[in-house]
Amino acid sequence: MAQPKSFTYRPLGRRQIRLVTLLPDEDSQQIRCTLDHVSLSGKPDFEALSYVWGADDLYASILINGELFRIRRNLWESGMVNSITVDKPLRIWIDAICINQDDIIERGAQVQIMGEIYQTAWRLRIWLGEHSSNTIPAMENFSLDALVDGGIKLRCRKGILEICQRPYWRRLWVIQEAVLGSEPIIHCGASVLEWAKFESFLNATFLKELRGRTTHDPGYKLSPALIEIIGKTPAVEFMKAFRVTKSGGVRCSSLRSLITSFARSQAKDPRDMVYGLLALSDSAEDTDNFTPDYTKPPHELYVKVVKASL
């Protein structure tokens with residue numbers, strides 16, 4: 001049987017995006033998808049994936065429109081392919097596939113409308129990575145009870161700490177994705193956690209509302225040491241930024257203040273420390289002055305940011 005040829009992108013039209021449709025598993029070792037062009041103005045029905053790209057090496061092949069397409073390991077392991085079992089087609093936006101990453105002109109144009117893409121998606125799927133023996137019970141018991149000495153097993157408490165330390169929470173792009181996304185749910189391996197439960201837990205932890213408090217069972221006291229550790233994790237730092245940003249509405253601050261607030265976040269491309277925050281700026285001047293352009297070197301962009309701040 002002949003080997004399928006490699007996938008080739010077609011150019012996008014004005015305000016078009018690509019959407020992946022993950023096809024139901026037919027007991028095949030090959031993941032099969034379709035990739036279609038749609039108009040963002042037409043308010044298409046789709047979900048969006050938020051995840052860490054991980055190592056640059058291409059790990060595995062999937063079939064897109066019957067043609068081979070290479071993807072990174074973390075995307076291969078993600079809910080897009082392995083952990084979200086679909087019995088019907090799943091239509092989803094995934095940046096590494098839906099944007100031609102080798103076309104820097106297209107990449108800049110798509111980044112410019114990325115905020116709108118996440119706002120249009122009806123659900124945001126957050127992929128934290130594969131599960132461990134500790135995260136499985138933690139995802140099922142992500143609550144204050146898990147911090148109670150003598151309560152839920154130690155493995156569950158370790159799992160909560162592992163989840164809060166995942167690399168995902170250090171990534172700059174997730175601020176925009178989480179703030180603008182709708183109906184977020186968190187995936188860790190095959191386990192799923194409601195965003196509202198996760199947010200409530202971390203808000204209470206970093207606000208230190210739990211210190212000295214007991215549960216309904218007077219014999220159990222919350223573990224101050226564990227709360228202290230969780231309070232210093234990347235997930236809590238993320239939630240602080242998320243809470244402040246979300247409270248101001250979709251667009252809530254100037255680009256300058258956003259860059260300062262999220263200076264500790266991480267992005268592989270230094271230009272994304274600016275472009276990854278543009279959709280959250282409430283300044284029309286920022287939008288006009290900083291059109292994503294990956295043909296320009298990072299130092300030129302940063303000089304422009306400094307001049308605009310004077």
# chains A, B, ... in the order shown; residues from 1 in each chain; ligands from 1
$ select_by_dssp --residues "range 77-125 of chain A" --states "strand (DSSP E or B)" --output "mmCIF file with N, CA, C and O atoms, in the first residue's frame"
data_model
loop_
_atom_site.group_PDB
_atom_site.id
_atom_site.type_symbol
_atom_site.label_atom_id
_atom_site.label_comp_id
_atom_site.auth_asym_id
_atom_site.auth_seq_id
_atom_site.Cartn_x
_atom_site.Cartn_y
_atom_site.Cartn_z
ATOM 1 N N LEU A 90 -15.332 15.566 16.469
ATOM 2 C CA LEU A 90 -15.056 16.659 17.389
ATOM 3 C C LEU A 90 -14.383 17.780 16.603
ATOM 4 O O LEU A 90 -13.285 17.607 16.070
ATOM 5 N N ARG A 91 -15.032 18.926 16.530
ATOM 6 C CA ARG A 91 -14.512 20.071 15.784
ATOM 7 C C ARG A 91 -13.790 20.995 16.750
ATOM 8 O O ARG A 91 -14.400 21.506 17.701
ATOM 9 N N ILE A 92 -12.503 21.236 16.507
ATOM 10 C CA ILE A 92 -11.700 21.934 17.502
ATOM 11 C C ILE A 92 -10.606 22.763 16.820
ATOM 12 O O ILE A 92 -10.107 22.407 15.744
ATOM 13 N N TRP A 93 -10.259 23.886 17.444
ATOM 14 C CA TRP A 93 -9.176 24.750 16.947
ATOM 15 C C TRP A 93 -7.926 24.461 17.758
ATOM 16 O O TRP A 93 -7.933 24.542 18.978
ATOM 17 N N ARG A 123 -16.327 26.182 23.793
ATOM 18 C CA ARG A 123 -15.708 25.518 24.944
ATOM 19 C C ARG A 123 -14.191 25.555 24.805
ATOM 20 O O ARG A 123 -13.650 25.448 23.714
ATOM 21 N N LEU A 124 -13.517 25.722 25.962
ATOM 22 C CA LEU A 124 -12.063 25.671 26.004
ATOM 23 C C LEU A 124 -11.642 24.411 26.743
ATOM 24 O O LEU A 124 -12.008 24.195 27.898
ATOM 25 N N ARG A 125 -10.858 23.568 26.063
ATOM 26 C CA ARG A 125 -10.313 22.363 26.691
ATOM 27 C C ARG A 125 -8.861 22.633 27.077
ATOM 28 O O ARG A 125 -8.039 22.928 26.218
#
$ residues_around --residues "Val38 in chain A" --least-positions-apart "4" --cutoff "9 Å" --atoms "only C-alpha atoms" --output "NGL selection string"
:A and (15-19 or 42 or 44)
$ residues_around --residues "Glu77 in chain A" --least-positions-apart "6" --cutoff "12 Å" --atoms "only C-alpha atoms" --output "VMD selection string"
chain A and resid 31 51 to 54 59 to 60 71 83 to 84 127 to 131 187 to 190
$ residues_around --residues "Thr120 in chain A" --least-positions-apart "6" --cutoff "12 Å" --atoms "only C-alpha atoms" --output "NGL selection string"
:A and (17 or 39-48 or 92-93 or 113-114 or 177 or 180-183)
$ closest_residue --among "A:Gln266, A:Val274, A:Ala96, A:Gln30" --to "Val306 in chain A" --atoms "only C-alpha atoms"
A:Val274
